[in-house]
Amino acid sequence: MNHRLTLLGLLSLVEGSRGAAFWRRPTSFGVAPSAIRGGAKTKAKPEARTDYNVTADDLALLEEEIAYCDGEIIDAHLHTSPWFSNGEELAAGLAENNVSIGMLYDPYPKVVLPYDVNTKVYSIASSSEGRVFCLASLNTTHDDWEEHRGAELERLRSFLKKDDCVRGVKLAPPHCALPLTSPIVGDIVKALHDHDGTNKAIAIHIGTTPFCGPLGKQFGLDCRCGDEYVNPRHLERHIANHPDITFALLHCGHEFLPEGDDCHHGFKYTDECIAMAQQYPNVYISCSAVFALHPDGTLKYPGGFELMQKMKEAGVAHKCFWGSDQAFHKASIRPALIMSIKAMIAAGFTREERKWTLSGCTRKVFGF
C-alpha cells in the first residue's frame, strides 16, 4: 500500500467514481431519454448522461438568481485539485461555473504529502487577485501531540497573520481522526482567541464522510465517524466560552454514508447543528457537498432537500452559507449550485434569504 498518495488524488477518485457514492437518489434535473437501437425488438441500455442533466430552464433559473445576487456567487467550500495550480486558473474555472469568489482549504491528513498544505493553499489564494480566499490548518495527527504542539500551533499562527486572504482555521476531525473532545481542539480555539485579527473563524467538518466506509478501508485511511468525531455538541463549551470566535459547522451534520452503515446517525447531528445555530449567535451552518451530483444529474447523497426545509422551518436560513465542495471536477460546480438553488426555493427560502446564503453570509462569517 502506497501511503504517499496525495489527499487530493483520493478525493478526486471518490468524486469521480460512479460507484463510490454507494447509492443513488431519483432526484435529478430532468429525465434521461431512453435509447432504442437495432430495430423494434432490440432495446439497448440508455446511454449514461455526462452533462449533469442541466436543462435550458435550469440555466435560465440560474441567470435570474445571479442577477438578483448582483452578479456575486461565493463558493465557500473548495479543495485543491489537479486542474488548477494557481489562483488565476482557479478563479477562471470558478467563473466558468458562474462563481465570482471562492474559499479554498485543505486539512493535514494522516498521510505523507510531498508539499506543505498551508503553503500550497495560500500560494493559490494569494495569486488570485482577490478572487479566492483561504483558511489555514495544522497537523493534528501526530502520535505525540505534546511533542509537536508548539510547532503546530506556530504553523497555524504564522498563516493567520497572512490575513490578506487567510480568513480563519479549517479542521476536518473525521478525516484526521481528531476527536472533538480532544484537548487539541481547545489548544486551537485558544490560539484563535489569542490571535489579534479580524479573521477569527473556525470552519469544522461536522458530519460523516465516505472515507469512513469501504473506500477509506480500500486505501488504508484512518477516518472515523463515531459520535466523538461528528457530534457538534462536543464543541458547545468552546462556543459558549468564546463569543469572539465564529464557528462554521460545515455540512451541517449531514450523512455521507449509506443508511444501515454503523456510522449512519440518522441525521440527528443535522438537527443538533440547526439547534446550535438557533441558540448561539456565533454558530453558522453550511450546506456544502449536500448537493453533489452524479454526471447524470442524480443526487449522490439523500436528504439535501429535507435539510433546507429544516433550516427554513427552524428560522435559521440567515445562518446558512453555500459551498459546492465540488472542485475536484470543475464541471460539477455549476450543477451543484443550480440544485442548491432549487432546494432553497422548494424549502421556501425568500429571494433575499437565497441571496444571503449564496454570498452575504459567507462574507459575514469569514469577514471579507
# chains A, B, ... in the order shown; residues from 1 in each chain; ligands from 1
$ residues_around --residues "A:Ala275" --least-positions-apart "4" --cutoff "8 Å" --atoms "only C-alpha atoms" --output "ChimeraX atom specification"
/A:271,279,314
$ select_by_dssp --residues "stretch 156-209 of chain A" --states "strand (DSSP E)" --output "PyMOL selection string"
chain A and resi 166-171+201-207
$ closest_atom_pairs --of "stretch 193-231 of chain A" --to "stretch 157-180 of chain A" --cutoff "8 Å" --atoms "only C-alpha atoms" --output "Markdown table"
| residue | atom | partner | partner_atom | distance |
| --- | --- | --- | --- | --- |
| A:His195 | CA | A:Arg157 | CA | 7.5 |
| A:Gly197 | CA | A:Asp163 | CA | 7.7 |
| A:Thr198 | CA | A:Arg167 | CA | 8.0 |
| A:Asn199 | CA | A:Arg167 | CA | 4.6 |
| A:Lys200 | CA | A:Gly168 | CA | 5.5 |
| A:Ala201 | CA | A:Gly168 | CA | 4.7 |
| A:Ile202 | CA | A:Val169 | CA | 4.6 |
| A:Ala203 | CA | A:Lys170 | CA | 4.9 |
| A:Ile204 | CA | A:Leu171 | CA | 4.8 |
| A:His205 | CA | A:Ala172 | CA | 4.9 |
| A:Ile206 | CA | A:Ala172 | CA | 7.9 |
| A:Thr208 | CA | A:Pro174 | CA | 7.0 |
| A:Thr209 | CA | A:Pro174 | CA | 7.2 |
| A:Phe211 | CA | A:His175 | CA | 7.5 |
| A:Cys212 | CA | A:Pro174 | CA | 7.9 |
| A:Asp222 | CA | A:Ala177 | CA | 6.7 |
| A:Cys223 | CA | A:His175 | CA | 4.8 |
| A:Arg224 | CA | A:Pro174 | CA | 4.8 |
| A:Cys225 | CA | A:Pro174 | CA | 5.5 |
| A:Glu228 | CA | A:Pro179 | CA | 5.3 |
| A:Tyr229 | CA | A:Pro179 | CA | 4.8 |
| A:Val230 | CA | A:Pro174 | CA | 7.0 |
| A:Asn231 | CA | A:Leu180 | CA | 7.7 |
$ write_last_selection --atoms "C-alpha atoms" --output "mmCIF file, in the first residue's frame"
data_model
loop_
_atom_site.group_PDB
_atom_site.id
_atom_site.type_symbol
_atom_site.label_atom_id
_atom_site.label_comp_id
_atom_site.auth_asym_id
_atom_site.auth_seq_id
_atom_site.Cartn_x
_atom_site.Cartn_y
_atom_site.Cartn_z
ATOM 1 C CA HIS A 195 -4.937 35.985 17.694
ATOM 2 C CA GLY A 197 -7.042 39.973 13.884
ATOM 3 C CA THR A 198 -10.441 40.046 12.215
ATOM 4 C CA ASN A 199 -10.052 36.539 10.775
ATOM 5 C CA LYS A 200 -11.315 34.687 13.855
ATOM 6 C CA ALA A 201 -13.468 31.994 12.268
ATOM 7 C CA ILE A 202 -13.089 28.240 12.552
ATOM 8 C CA ALA A 203 -14.723 26.003 9.935
ATOM 9 C CA ILE A 204 -15.144 22.418 11.104
ATOM 10 C CA HIS A 205 -16.329 19.408 9.106
ATOM 11 C CA ILE A 206 -19.391 18.198 11.019
ATOM 12 C CA THR A 208 -19.753 11.721 8.237
ATOM 13 C CA THR A 209 -17.563 11.107 5.186
ATOM 14 C CA PHE A 211 -13.918 7.686 3.617
ATOM 15 C CA CYS A 212 -15.304 6.076 6.781
ATOM 16 C CA ASP A 222 -7.832 6.036 9.212
ATOM 17 C CA CYS A 223 -11.047 8.058 9.042
ATOM 18 C CA ARG A 224 -13.521 7.967 11.900
ATOM 19 C CA CYS A 225 -17.205 8.875 12.005
ATOM 20 C CA GLU A 228 -16.868 11.904 19.247
ATOM 21 C CA TYR A 229 -15.818 12.930 15.718
ATOM 22 C CA VAL A 230 -19.112 14.272 14.347
ATOM 23 C CA ASN A 231 -21.348 15.380 17.238
#
$ residues_around --residues "A:Asp261" --least-positions-apart "3" --cutoff "12 Å" --atoms "only C-alpha atoms" --output "ChimeraX atom specification"
/A:22,208-210,212-214,225-226,255-258,264-266
$ closest_atom_pairs --of "stretch 281-347 of chain A" --to "stretch 98-104 of chain A" --cutoff "9 Å" --atoms "only C-alpha atoms" --output "JSON lines"
{"residue": "A:Gly323", "atom": "CA", "partner": "A:Met103", "partner_atom": "CA", "distance": 8.5}
{"residue": "A:Ile333", "atom": "CA", "partner": "A:Val99", "partner_atom": "CA", "distance": 8.6}
{"residue": "A:Arg334", "atom": "CA", "partner": "A:Asn98", "partner_atom": "CA", "distance": 6.8}
{"residue": "A:Leu337", "atom": "CA", "partner": "A:Asn98", "partner_atom": "CA", "distance": 8.9}
$ atom_distance --atom1 "atom CA of A:Ala240" --atom2 "atom CA of A:Leu192"
14.7 Å
$ closest_residue --among "A:Pro335, A:Gly220, A:Pro243, A:Gly348" --to "A:Val111" --atoms "only C-alpha atoms"
A:Gly220
$ closest_residue --among "A:Arg155, A:His142, A:His242, A:Lys355" --to "A:Tyr280" --atoms "only C-alpha atoms"
A:His242
$ residues_around --residues "A:Asn241" --least-positions-apart "3" --cutoff "12 Å" --atoms "only C-alpha atoms" --output "list in words"
Gly186, Val189, Lys190, His193, Leu235, Glu236, Arg237, His238, Asp244, Ile245, Thr246, Phe247, Tyr280 and Asn282 of chain A
$ decode --residues "stretch 102-133 of chain A" --atoms "N, CA, C and O atoms" --output "PDB file, in the first residue's frame"
ATOM      1  N   GLY A 102     -14.166  32.419  -4.383  1.00  0.00           N
ATOM      2  CA  GLY A 102     -14.062  31.093  -3.798  1.00  0.00           C
ATOM      3  C   GLY A 102     -13.341  31.115  -2.459  1.00  0.00           C
ATOM      4  O   GLY A 102     -12.573  32.030  -2.158  1.00  0.00           O
ATOM      5  N   MET A 103     -13.607  30.090  -1.642  1.00  0.00           N
ATOM      6  CA  MET A 103     -12.896  29.860  -0.383  1.00  0.00           C
ATOM      7  C   MET A 103     -12.220  28.500  -0.481  1.00  0.00           C
ATOM      8  O   MET A 103     -12.872  27.477  -0.674  1.00  0.00           O
ATOM      9  N   LEU A 104     -10.882  28.495  -0.340  1.00  0.00           N
ATOM     10  CA  LEU A 104     -10.079  27.289  -0.553  1.00  0.00           C
ATOM     11  C   LEU A 104      -9.475  26.818   0.763  1.00  0.00           C
ATOM     12  O   LEU A 104      -8.939  27.630   1.522  1.00  0.00           O
ATOM     13  N   TYR A 105      -9.535  25.527   1.026  1.00  0.00           N
ATOM     14  CA  TYR A 105      -8.888  24.990   2.219  1.00  0.00           C
ATOM     15  C   TYR A 105      -8.732  23.479   2.126  1.00  0.00           C
ATOM     16  O   TYR A 105      -9.526  22.793   1.486  1.00  0.00           O
ATOM     17  N   ASP A 106      -7.669  22.984   2.760  1.00  0.00           N
ATOM     18  CA  ASP A 106      -7.399  21.556   2.886  1.00  0.00           C
ATOM     19  C   ASP A 106      -6.979  21.262   4.323  1.00  0.00           C
ATOM     20  O   ASP A 106      -6.324  22.091   4.957  1.00  0.00           O
ATOM     21  N   PRO A 107      -7.301  20.076   4.841  1.00  0.00           N
ATOM     22  CA  PRO A 107      -6.753  19.665   6.130  1.00  0.00           C
ATOM     23  C   PRO A 107      -5.380  19.020   5.941  1.00  0.00           C
ATOM     24  O   PRO A 107      -4.975  18.734   4.814  1.00  0.00           O
ATOM     25  N   TYR A 108      -4.675  18.787   7.033  1.00  0.00           N
ATOM     26  CA  TYR A 108      -3.456  17.983   7.016  1.00  0.00           C
ATOM     27  C   TYR A 108      -3.863  16.550   7.332  1.00  0.00           C
ATOM     28  O   TYR A 108      -4.208  16.235   8.466  1.00  0.00           O
ATOM     29  N   PRO A 109      -3.862  15.661   6.338  1.00  0.00           N
ATOM     30  CA  PRO A 109      -4.319  14.291   6.574  1.00  0.00           C
ATOM     31  C   PRO A 109      -3.227  13.428   7.201  1.00  0.00           C
ATOM     32  O   PRO A 109      -2.065  13.833   7.290  1.00  0.00           O
ATOM     33  N   LYS A 110      -3.609  12.242   7.622  1.00  0.00           N
ATOM     34  CA  LYS A 110      -2.642  11.318   8.222  1.00  0.00           C
ATOM     35  C   LYS A 110      -1.977  10.473   7.137  1.00  0.00           C
ATOM     36  O   LYS A 110      -1.938   9.252   7.208  1.00  0.00           O
ATOM     37  N   VAL A 111      -1.506  11.127   6.100  1.00  0.00           N
ATOM     38  CA  VAL A 111      -0.686  10.506   5.057  1.00  0.00           C
ATOM     39  C   VAL A 111       0.431  11.487   4.737  1.00  0.00           C
ATOM     40  O   VAL A 111       0.324  12.680   5.021  1.00  0.00           O
ATOM     41  N   VAL A 112       1.503  10.985   4.165  1.00  0.00           N
ATOM     42  CA  VAL A 112       2.642  11.838   3.837  1.00  0.00           C
ATOM     43  C   VAL A 112       2.378  12.534   2.512  1.00  0.00           C
ATOM     44  O   VAL A 112       2.081  11.889   1.500  1.00  0.00           O
ATOM     45  N   LEU A 113       2.457  13.843   2.512  1.00  0.00           N
ATOM     46  CA  LEU A 113       2.259  14.633   1.304  1.00  0.00           C
ATOM     47  C   LEU A 113       3.583  15.230   0.843  1.00  0.00           C
ATOM     48  O   LEU A 113       4.445  15.538   1.668  1.00  0.00           O
ATOM     49  N   PRO A 114       3.759  15.419  -0.459  1.00  0.00           N
ATOM     50  CA  PRO A 114       5.016  15.979  -0.987  1.00  0.00           C
ATOM     51  C   PRO A 114       5.058  17.510  -0.914  1.00  0.00           C
ATOM     52  O   PRO A 114       5.908  18.129  -1.547  1.00  0.00           O
ATOM     53  N   TYR A 115       4.161  18.115  -0.181  1.00  0.00           N
ATOM     54  CA  TYR A 115       4.112  19.573  -0.074  1.00  0.00           C
ATOM     55  C   TYR A 115       3.495  19.934   1.274  1.00  0.00           C
ATOM     56  O   TYR A 115       2.870  19.093   1.948  1.00  0.00           O
ATOM     57  N   ASP A 116       3.653  21.188   1.691  1.00  0.00           N
ATOM     58  CA  ASP A 116       3.004  21.678   2.895  1.00  0.00           C
ATOM     59  C   ASP A 116       1.631  22.217   2.524  1.00  0.00           C
ATOM     60  O   ASP A 116       1.500  23.037   1.605  1.00  0.00           O
ATOM     61  N   VAL A 117       0.608  21.776   3.228  1.00  0.00           N
ATOM     62  CA  VAL A 117      -0.770  22.121   2.882  1.00  0.00           C
ATOM     63  C   VAL A 117      -1.010  23.626   2.929  1.00  0.00           C
ATOM     64  O   VAL A 117      -1.527  24.227   1.974  1.00  0.00           O
ATOM     65  N   ASN A 118      -0.649  24.267   4.031  1.00  0.00           N
ATOM     66  CA  ASN A 118      -0.904  25.709   4.154  1.00  0.00           C
ATOM     67  C   ASN A 118      -0.193  26.511   3.082  1.00  0.00           C
ATOM     68  O   ASN A 118      -0.748  27.454   2.513  1.00  0.00           O
ATOM     69  N   THR A 119       1.061  26.133   2.806  1.00  0.00           N
ATOM     70  CA  THR A 119       1.842  26.854   1.802  1.00  0.00           C
ATOM     71  C   THR A 119       1.188  26.752   0.435  1.00  0.00           C
ATOM     72  O   THR A 119       1.081  27.739  -0.309  1.00  0.00           O
ATOM     73  N   LYS A 120       0.719  25.544   0.100  1.00  0.00           N
ATOM     74  CA  LYS A 120       0.085  25.332  -1.201  1.00  0.00           C
ATOM     75  C   LYS A 120      -1.220  26.113  -1.317  1.00  0.00           C
ATOM     76  O   LYS A 120      -1.458  26.814  -2.318  1.00  0.00           O
ATOM     77  N   VAL A 121      -2.042  26.014  -0.289  1.00  0.00           N
ATOM     78  CA  VAL A 121      -3.336  26.697  -0.320  1.00  0.00           C
ATOM     79  C   VAL A 121      -3.150  28.207  -0.399  1.00  0.00           C
ATOM     80  O   VAL A 121      -3.804  28.891  -1.199  1.00  0.00           O
ATOM     81  N   TYR A 122      -2.241  28.733   0.413  1.00  0.00           N
ATOM     82  CA  TYR A 122      -2.017  30.177   0.419  1.00  0.00           C
ATOM     83  C   TYR A 122      -1.430  30.670  -0.906  1.00  0.00           C
ATOM     84  O   TYR A 122      -1.806  31.740  -1.399  1.00  0.00           O
ATOM     85  N   SER A 123      -0.543  29.880  -1.487  1.00  0.00           N
ATOM     86  CA  SER A 123       0.064  30.303  -2.762  1.00  0.00           C
ATOM     87  C   SER A 123      -0.983  30.430  -3.847  1.00  0.00           C
ATOM     88  O   SER A 123      -0.903  31.320  -4.714  1.00  0.00           O
ATOM     89  N   ILE A 124      -1.983  29.564  -3.825  1.00  0.00           N
ATOM     90  CA  ILE A 124      -3.065  29.634  -4.809  1.00  0.00           C
ATOM     91  C   ILE A 124      -3.959  30.843  -4.535  1.00  0.00           C
ATOM     92  O   ILE A 124      -4.226  31.652  -5.419  1.00  0.00           O
ATOM     93  N   ALA A 125      -4.399  30.980  -3.298  1.00  0.00           N
ATOM     94  CA  ALA A 125      -5.311  32.071  -2.964  1.00  0.00           C
ATOM     95  C   ALA A 125      -4.664  33.436  -3.180  1.00  0.00           C
ATOM     96  O   ALA A 125      -5.296  34.360  -3.717  1.00  0.00           O
ATOM     97  N   SER A 126      -3.411  33.564  -2.791  1.00  0.00           N
ATOM     98  CA  SER A 126      -2.747  34.865  -2.870  1.00  0.00           C
ATOM     99  C   SER A 126      -2.399  35.274  -4.289  1.00  0.00           C
ATOM    100  O   SER A 126      -2.042  36.425  -4.537  1.00  0.00           O
ATOM    101  N   SER A 127      -2.519  34.353  -5.235  1.00  0.00           N
ATOM    102  CA  SER A 127      -2.244  34.682  -6.635  1.00  0.00           C
ATOM    103  C   SER A 127      -3.524  34.834  -7.447  1.00  0.00           C
ATOM    104  O   SER A 127      -3.507  34.749  -8.672  1.00  0.00           O
ATOM    105  N   SER A 128      -4.652  35.061  -6.760  1.00  0.00           N
ATOM    106  CA  SER A 128      -5.952  35.110  -7.432  1.00  0.00           C
ATOM    107  C   SER A 128      -6.465  36.527  -7.654  1.00  0.00           C
ATOM    108  O   SER A 128      -7.578  36.702  -8.156  1.00  0.00           O
ATOM    109  N   GLU A 129      -5.692  37.529  -7.255  1.00  0.00           N
ATOM    110  CA  GLU A 129      -6.114  38.934  -7.361  1.00  0.00           C
ATOM    111  C   GLU A 129      -7.428  39.183  -6.630  1.00  0.00           C
ATOM    112  O   GLU A 129      -8.332  39.855  -7.130  1.00  0.00           O
ATOM    113  N   GLY A 130      -7.529  38.617  -5.425  1.00  0.00           N
ATOM    114  CA  GLY A 130      -8.683  38.869  -4.575  1.00  0.00           C
ATOM    115  C   GLY A 130      -9.918  38.072  -4.888  1.00  0.00           C
ATOM    116  O   GLY A 130     -10.978  38.313  -4.296  1.00  0.00           O
ATOM    117  N   ARG A 131      -9.816  37.097  -5.773  1.00  0.00           N
ATOM    118  CA  ARG A 131     -10.995  36.310  -6.138  1.00  0.00           C
ATOM    119  C   ARG A 131     -11.092  34.987  -5.387  1.00  0.00           C
ATOM    120  O   ARG A 131     -12.100  34.287  -5.455  1.00  0.00           O
ATOM    121  N   VAL A 132     -10.025  34.629  -4.641  1.00  0.00           N
ATOM    122  CA  VAL A 132     -10.028  33.420  -3.821  1.00  0.00           C
ATOM    123  C   VAL A 132      -9.457  33.754  -2.450  1.00  0.00           C
ATOM    124  O   VAL A 132      -8.381  34.361  -2.353  1.00  0.00           O
ATOM    125  N   PHE A 133     -10.180  33.378  -1.405  1.00  0.00           N
ATOM    126  CA  PHE A 133      -9.700  33.471  -0.033  1.00  0.00           C
ATOM    127  C   PHE A 133      -9.417  32.057   0.464  1.00  0.00           C
ATOM    128  O   PHE A 133      -9.737  31.074  -0.211  1.00  0.00           O
TER     129      PHE A 133
END
